[in-house]
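S.K.: Attaching a single structure in structure tokens format; questions to follow.
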Amino acid sequence: MPGMPFEELARTSEQVAATRSRLAKRALLAAALGRAAPDELELVVTYLSGTLRQRRTGVGWAALTDLPAPAGAPTLTVTEVDRAFEAVAGHAGSGSAARRSQAMAELFGRATDLEQRLLRGLIFDEVRQGALDALVQDGVAEAFGVPVAAVQRAAMLLGSTPAAARLAREGGLAALEAVRLRVGQPVRPMLAASAADPSAALLRTGVPAVADAKLDGIRVQVHRDGGTVRLYTRTLDDITDRLPEVVDAVLALPTRDLVLDGEVVGLRPDGRPLPFQVIASRTATSVDVAAGRDRTPLRLFAFDLLRLDGRDLLDEPLEARVALLADLLPADEVVPRRSVGSADELAAVFADVVAQGYEGLVVKNPQAPYAAGRRDAAWVKVKPRHTFDLAVTAAEWGHGRREGWLSNLHLAAVHQDTGALVMLGKTFKGLTDQLLQWQTEQLLAREVRRTRGTVHVDPPPVVEIACDGVQRSTRYPGGIALRFARVLRYRDDKTVADVDTLATVLALNPLEEDAPGSG
DNA sequence: TTCCGACAGTGGGGTCGCAAT
DNA sequence: ATTGCGACCCCACTATCGGAA
């Protein structure tokens, strides 16, 4: 059994990239899926989604310098490519970078030019063919003659589109519909769309609505099976070992098995949430967890219940799941929430939670079942928006569809004492194509200096910037950086004399609290 | 015919673990 | 001991296609 040529996938990817029609992309994907051998289907699904099966390979750009020239003729199979990545992933750690480079050189040396391009795309997560997991699910549905919704649901419950594809091929619709939520098998989380303000959110969810306080922490999915608890992140990574205090809290619940969805945060003595950075530090490390737990204890705030003591709740309406959650958990282990019946009421709740230090609200349709993805916007998040006028001191050339345009702007405030410009971060968000073109012309006309990839300008134009807040930074001279900055508009009526000061930006969030445990 | 939901793309800052220096 | 790389946590926004209205 020779196996599917990798070249065939490379050619499919090239063709998918070449058309903008989604229907045409879907047809190309379906054709390739239909040609895959049974034991290679999951790999084909993975590669056509633009990803590798191995979550971490340890291979980055440093390991891909000095690659051999492309092979003249294709010989690689899909399975051989997977084996090569499995080998380097296997000795990421014990092996040396040199060993990984060597293995990659061997793989690339056997790949044609077209294949090398796909390999690079898979490694760097930039295949850019205009099709990712969602479109591949469409392709799976077409290839095996099943409804897309069934593929989506099975992929959600299995946490895997390749696994859903295998079921679709082997057992059709019946096999897909037989998939059930299993304790210990993380499911893809339901996501929220976003809205500019509370009333806009309410227009999408309808009235009445459930308004949950939005906590700025780490999303965690909890699975308990008797005495065993597992915790998973949004991308379904297992972080159980990093949060023993959360495990203990779940074990203390009067239940045999459950699956619930929530946010992990830490609280200050006054009950207000800790900054995101502090929480991220705790959840990102598995070294000396006990010390971290003592210094910064974290807590789970649940907001949804997917299963309780053998009973599947995914298809129950939110209000029923929420009621069961309230019965099961102490009030201080559930996200603060209110039921609201009007836009005025919601606006008041929004002001209230923001004043209490929460990130905002997630407004929810009480009738909606639990379903992965953003479909139908049953959940809508709203956050307060802060704005500043800042100086654009430089801009970086864009990539991909922004090739040839100055895209990523360097933003600076004015120091209130010295008058010097202090860089606070960058942004490329909020720009229309028209604005990209316009700003490229404007900035080039002000060019004073150029370094690799960056054009420096003077005098700096002024932009109105929105952001979610500020955070500590070791990267920027002011010691702070903007969080989620985006361009609202250029202010041609303003000059650098009108730019906001560092003190003004800092006033948004004084960051006066020290690291927990230090005082 | 127009509208709008879903999707992909373009990247941002911070933090950690680990290997190389 | 420090630095650089890779991975992954949080995330906003625009353009586009194609089905819905």
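Convention: chains lettered A, B, ... in structure tokens order; per-chain residue numbering from 1; ligands numbered from 1 as shown.
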Residues of chain A within 10 Å of chain C, counting only C-alpha atoms (C1' of nucleotides) - could you list those as a short mmCIF file (atom, residue, chain, number, x, y, z; two decimals) with N, CA and C atoms, in the first residue's frame?
M.R.:
```cif
data_model
loop_
_atom_site.label_atom_id
_atom_site.label_comp_id
_atom_site.auth_asym_id
_atom_site.auth_seq_id
_atom_site.Cartn_x
_atom_site.Cartn_y
_atom_site.Cartn_z
N ARG A 20 -11.44 32.14 -4.85
CA ARG A 20 -12.04 32.81 -3.70
C ARG A 20 -13.42 32.24 -3.40
N SER A 21 -13.93 31.43 -4.31
CA SER A 21 -15.26 30.85 -4.09
C SER A 21 -15.22 29.78 -3.00
N ARG A 22 -16.06 29.94 -2.00
CA ARG A 22 -16.06 28.94 -0.94
C ARG A 22 -16.60 27.61 -1.44
N LEU A 23 -17.55 27.69 -2.35
CA LEU A 23 -18.13 26.46 -2.88
C LEU A 23 -17.08 25.68 -3.65
N ARG A 55 0.92 18.68 18.36
CA ARG A 55 0.65 20.00 18.91
C ARG A 55 1.94 20.82 18.97
N ARG A 56 3.03 20.19 19.39
CA ARG A 56 4.30 20.90 19.45
C ARG A 56 5.38 20.05 18.82
N THR A 57 6.15 20.68 17.96
CA THR A 57 7.21 19.97 17.27
C THR A 57 8.58 20.48 17.71
N GLY A 58 8.63 21.65 18.29
CA GLY A 58 9.92 22.25 18.62
C GLY A 58 10.62 22.82 17.39
N VAL A 59 9.94 22.76 16.24
CA VAL A 59 10.54 23.27 15.01
C VAL A 59 9.99 24.66 14.72
N GLY A 60 10.86 25.63 14.60
CA GLY A 60 10.48 26.98 14.22
C GLY A 60 11.39 27.47 13.12
N TRP A 61 11.43 28.78 12.94
CA TRP A 61 12.24 29.28 11.81
C TRP A 61 13.72 28.97 11.99
N ALA A 62 14.16 28.93 13.26
CA ALA A 62 15.59 28.70 13.50
C ALA A 62 16.00 27.32 13.00
N ALA A 63 15.09 26.36 13.07
CA ALA A 63 15.42 25.00 12.65
C ALA A 63 15.28 24.83 11.13
N SER A 194 -19.15 39.59 19.73
CA SER A 194 -19.01 40.80 20.51
C SER A 194 -19.89 41.91 19.95
N ASP A 216 -11.89 38.34 33.57
CA ASP A 216 -10.70 38.38 32.73
C ASP A 216 -9.67 37.41 33.27
N GLY A 217 -9.89 36.12 32.98
CA GLY A 217 -8.98 35.09 33.47
C GLY A 217 -8.74 34.04 32.41
N ILE A 218 -8.68 32.78 32.84
CA ILE A 218 -8.43 31.67 31.93
C ILE A 218 -9.68 30.80 31.87
N ARG A 219 -10.15 30.55 30.65
CA ARG A 219 -11.31 29.69 30.44
C ARG A 219 -10.93 28.25 30.78
N THR A 233 -8.05 23.72 28.93
CA THR A 233 -8.12 25.11 28.45
C THR A 233 -9.06 25.20 27.25
N ARG A 234 -9.17 26.41 26.74
CA ARG A 234 -10.01 26.67 25.57
C ARG A 234 -9.59 25.86 24.36
N THR A 235 -8.29 25.60 24.24
CA THR A 235 -7.79 24.80 23.12
C THR A 235 -7.65 23.33 23.52
N ASP A 237 -6.17 21.82 25.99
CA ASP A 237 -4.96 21.34 26.66
C ASP A 237 -5.29 21.02 28.12
N PHE A 276 -5.16 40.23 34.76
CA PHE A 276 -4.99 39.03 33.93
C PHE A 276 -3.57 38.48 33.98
N GLN A 277 -2.59 39.38 33.95
CA GLN A 277 -1.20 38.93 33.90
C GLN A 277 -0.83 38.02 35.08
N ILE A 279 -2.88 36.06 36.77
CA ILE A 279 -3.55 34.77 36.61
C ILE A 279 -2.86 33.95 35.53
N ALA A 280 -2.47 34.61 34.45
CA ALA A 280 -1.80 33.92 33.35
C ALA A 280 -0.50 33.31 33.83
N SER A 281 0.18 34.01 34.70
CA SER A 281 1.46 33.52 35.21
C SER A 281 1.25 32.21 35.99
N THR A 283 -1.28 30.02 35.65
CA THR A 283 -1.76 28.90 34.83
C THR A 283 -0.75 28.47 33.78
N ALA A 284 0.28 29.28 33.56
CA ALA A 284 1.25 28.94 32.52
C ALA A 284 2.39 28.10 33.06
N PHE A 428 -2.55 47.09 14.37
CA PHE A 428 -2.85 46.94 12.95
C PHE A 428 -4.35 46.77 12.77
N LYS A 429 -5.07 46.93 13.87
CA LYS A 429 -6.50 46.61 13.87
C LYS A 429 -7.36 47.83 13.55
N GLY A 430 -8.52 47.58 12.98
CA GLY A 430 -9.47 48.65 12.74
C GLY A 430 -9.26 49.36 11.42
N LEU A 431 -8.33 48.88 10.59
CA LEU A 431 -8.00 49.58 9.35
C LEU A 431 -8.75 48.97 8.17
N THR A 432 -9.44 49.81 7.43
CA THR A 432 -10.04 49.35 6.18
C THR A 432 -8.98 49.37 5.08
N ASP A 433 -9.27 48.71 3.97
CA ASP A 433 -8.33 48.72 2.85
C ASP A 433 -8.07 50.14 2.38
N CYS A 467 -8.80 51.07 23.29
CA CYS A 467 -8.16 49.91 23.90
C CYS A 467 -8.99 49.44 25.09
N ASP A 468 -8.66 48.22 25.54
CA ASP A 468 -9.40 47.65 26.67
C ASP A 468 -8.80 48.06 28.01
N ARG A 483 -3.60 47.34 25.96
CA ARG A 483 -4.18 46.01 25.74
C ARG A 483 -5.23 46.11 24.64
N PHE A 484 -5.04 45.35 23.58
CA PHE A 484 -6.00 45.27 22.47
C PHE A 484 -6.29 46.63 21.84
N ALA A 485 -5.21 47.31 21.47
CA ALA A 485 -5.37 48.62 20.82
C ALA A 485 -5.87 48.47 19.40
N ARG A 486 -6.74 49.39 18.96
CA ARG A 486 -7.20 49.40 17.57
C ARG A 486 -7.46 50.84 17.15
N VAL A 487 -7.32 51.08 15.82
CA VAL A 487 -7.49 52.42 15.28
C VAL A 487 -8.97 52.74 15.13
#
```
S.K.: For chain A, list the residues within 10 Å of chain B, counting only C-alpha atoms (C1' of nucleotides), and write the list as JSON, numbers by chain.
M.R.: {"A": [22, 92, 93, 94, 95, 96, 97, 126, 128, 129, 130, 131, 132, 133, 134, 135, 276, 277, 278, 280, 281, 282, 283, 284, 285, 286, 287, 373, 374, 375, 376, 377, 398, 399, 400, 401, 402, 407, 408, 425, 426, 427, 428, 429, 471, 472, 473, 474, 475, 481, 482, 483, 484, 485, 486]}
